[in-house]
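For reference, the structure is listed below as structure tokens.
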Amino acid sequence: QAVEGKLLAGLWDGIPNVSSYCDACIRVTTAKGKTALLRVVTYGATTKNSIDVSPEAYKLLNVSENPRNMTWQFAKCDDTGKLYFEFQTGAHEDWTSFWIRNARVPISKVEVKSVRHASFFALRRGSDGTVNDDKGFGKGAFTLQITGMDGSIVTETFDWPATGVAGKTLTGAGNFK
């Protein structure tokens, strides 16, 4: 909650490619007209086509109806600043793995250009929402090209940290518009 706020959701794990939606935003609308913009932080075995919500989101959506009929769709998140890239504690030049945090739109593709990739190379999405290069970026500057579901693209370039990327968080220069 310190990173993503208090209006959180978990999606049903039967949605195709559900892990790629971690950190995306969804707009939830109930049959009683209540709405909330929620950040997706997890997924799991819920009832088919349902979502789990944080207590704060529940308070916004609840009108004591049972069952609660609602719909959700992907939505642009509020502008809360720049993208940042949180590297796993075991990440290094030969296995590079990280999460992209604070994106305003759901991400459909992430590519890297680095000392090991002369042109943009598509990264693999992990089941935990990570973005992975199983052979690593190599030591040196790298450029990430992040494509949103709406087709917009953000490009970020970083120098390889002198002490490596393990456990580091790198802050980008911008975010999706």
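Residues in the structure tokens are named by chain (A, B, ... in the order shown) and by number from 1 within that chain; ligands are numbered from 1 in the order shown.
The residues of range 6-130 of chain A that DSSP classifies as alpha helix (DSSP H), using the backbone of this structure, are A:Pro55, A:Glu56, A:Ala57, A:Tyr58, A:Lys59, A:Leu60, A:Leu61.
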Write the residues of the preceding selection, restricted to N, CA, C and O atoms, as a PDB file, in the first residue's frame.
```pdb
ATOM      1  N   PRO A  55      -9.861  -3.405   1.637  1.00  0.00           N
ATOM      2  CA  PRO A  55     -10.932  -2.879   2.485  1.00  0.00           C
ATOM      3  C   PRO A  55     -11.346  -1.449   2.106  1.00  0.00           C
ATOM      4  O   PRO A  55     -12.537  -1.122   2.121  1.00  0.00           O
ATOM      5  N   GLU A  56     -10.390  -0.625   1.712  1.00  0.00           N
ATOM      6  CA  GLU A  56     -10.704   0.760   1.332  1.00  0.00           C
ATOM      7  C   GLU A  56     -11.531   0.810   0.048  1.00  0.00           C
ATOM      8  O   GLU A  56     -12.453   1.610  -0.081  1.00  0.00           O
ATOM      9  N   ALA A  57     -11.212  -0.062  -0.914  1.00  0.00           N
ATOM     10  CA  ALA A  57     -11.992  -0.128  -2.146  1.00  0.00           C
ATOM     11  C   ALA A  57     -13.395  -0.667  -1.856  1.00  0.00           C
ATOM     12  O   ALA A  57     -14.387  -0.176  -2.400  1.00  0.00           O
ATOM     13  N   TYR A  58     -13.479  -1.660  -0.985  1.00  0.00           N
ATOM     14  CA  TYR A  58     -14.772  -2.229  -0.605  1.00  0.00           C
ATOM     15  C   TYR A  58     -15.686  -1.146  -0.020  1.00  0.00           C
ATOM     16  O   TYR A  58     -16.869  -1.063  -0.362  1.00  0.00           O
ATOM     17  N   LYS A  59     -15.118  -0.295   0.838  1.00  0.00           N
ATOM     18  CA  LYS A  59     -15.914   0.779   1.442  1.00  0.00           C
ATOM     19  C   LYS A  59     -16.483   1.725   0.382  1.00  0.00           C
ATOM     20  O   LYS A  59     -17.609   2.203   0.501  1.00  0.00           O
ATOM     21  N   LEU A  60     -15.691   2.004  -0.660  1.00  0.00           N
ATOM     22  CA  LEU A  60     -16.167   2.883  -1.737  1.00  0.00           C
ATOM     23  C   LEU A  60     -17.276   2.249  -2.570  1.00  0.00           C
ATOM     24  O   LEU A  60     -18.168   2.938  -3.053  1.00  0.00           O
ATOM     25  N   LEU A  61     -17.186   0.933  -2.762  1.00  0.00           N
ATOM     26  CA  LEU A  61     -18.108   0.236  -3.665  1.00  0.00           C
ATOM     27  C   LEU A  61     -19.339  -0.336  -2.964  1.00  0.00           C
ATOM     28  O   LEU A  61     -20.353  -0.590  -3.611  1.00  0.00           O
TER      29      LEU A  61
END
```
If we count only C-alpha atoms, what is near Trp12 in chain A at a cut-off of 9 Å, once residues fewer than 3 positions away on the same chain are taken out, given as an MDAnalysis selection string? chainID A and resid 15 18 43:52
Contacts of Phe121 in chain A within 9 Å, only C-alpha atoms, excl. fewer than 3 positions in-chain, as a count of residues only: 7
Residue neighbourhood Gly172 in chain A, 9 Å, only C-alpha atoms, exclusion window fewer than 3 positions, as a PyMOL selection string: chain A and resi 82-85+155-158+175
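For the residues A:Ala31, A:Val41, A:Leu123, A:Ile153, ranking by smallest atom-to-atom distance to Phe176 in chain A using only C-alpha atoms places A:Ile153 first.
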Range 69-79 of chain A: which residues within 8 Å, counting only C-alpha atoms, same-chain residues fewer than 4 positions away excluded, as an MDAnalysis selection string? chainID A and resid 24:31 37 39 103:106
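Candidate residues A:Leu170, A:Ala36, A:Leu8, A:Ala141 were compared for distance to Glu93 in chain A, and the nearest is A:Ala141, using only C-alpha atoms.
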In chain A, what's strand (DSSP E or B) per DSSP? Answer as a PyMOL selection string? chain A and resi 8-12+25-30+35-44+51-53+70-75+84-87+92+95-101+107-114+117-122+124-125+131-133+142-148+153-158+169-171
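Remark: for Val53 in chain A, the closest of the candidate residues A:Thr171, A:Val40, A:Ser119, A:Ser19 is A:Val40 (distances computed over only C-alpha atoms).
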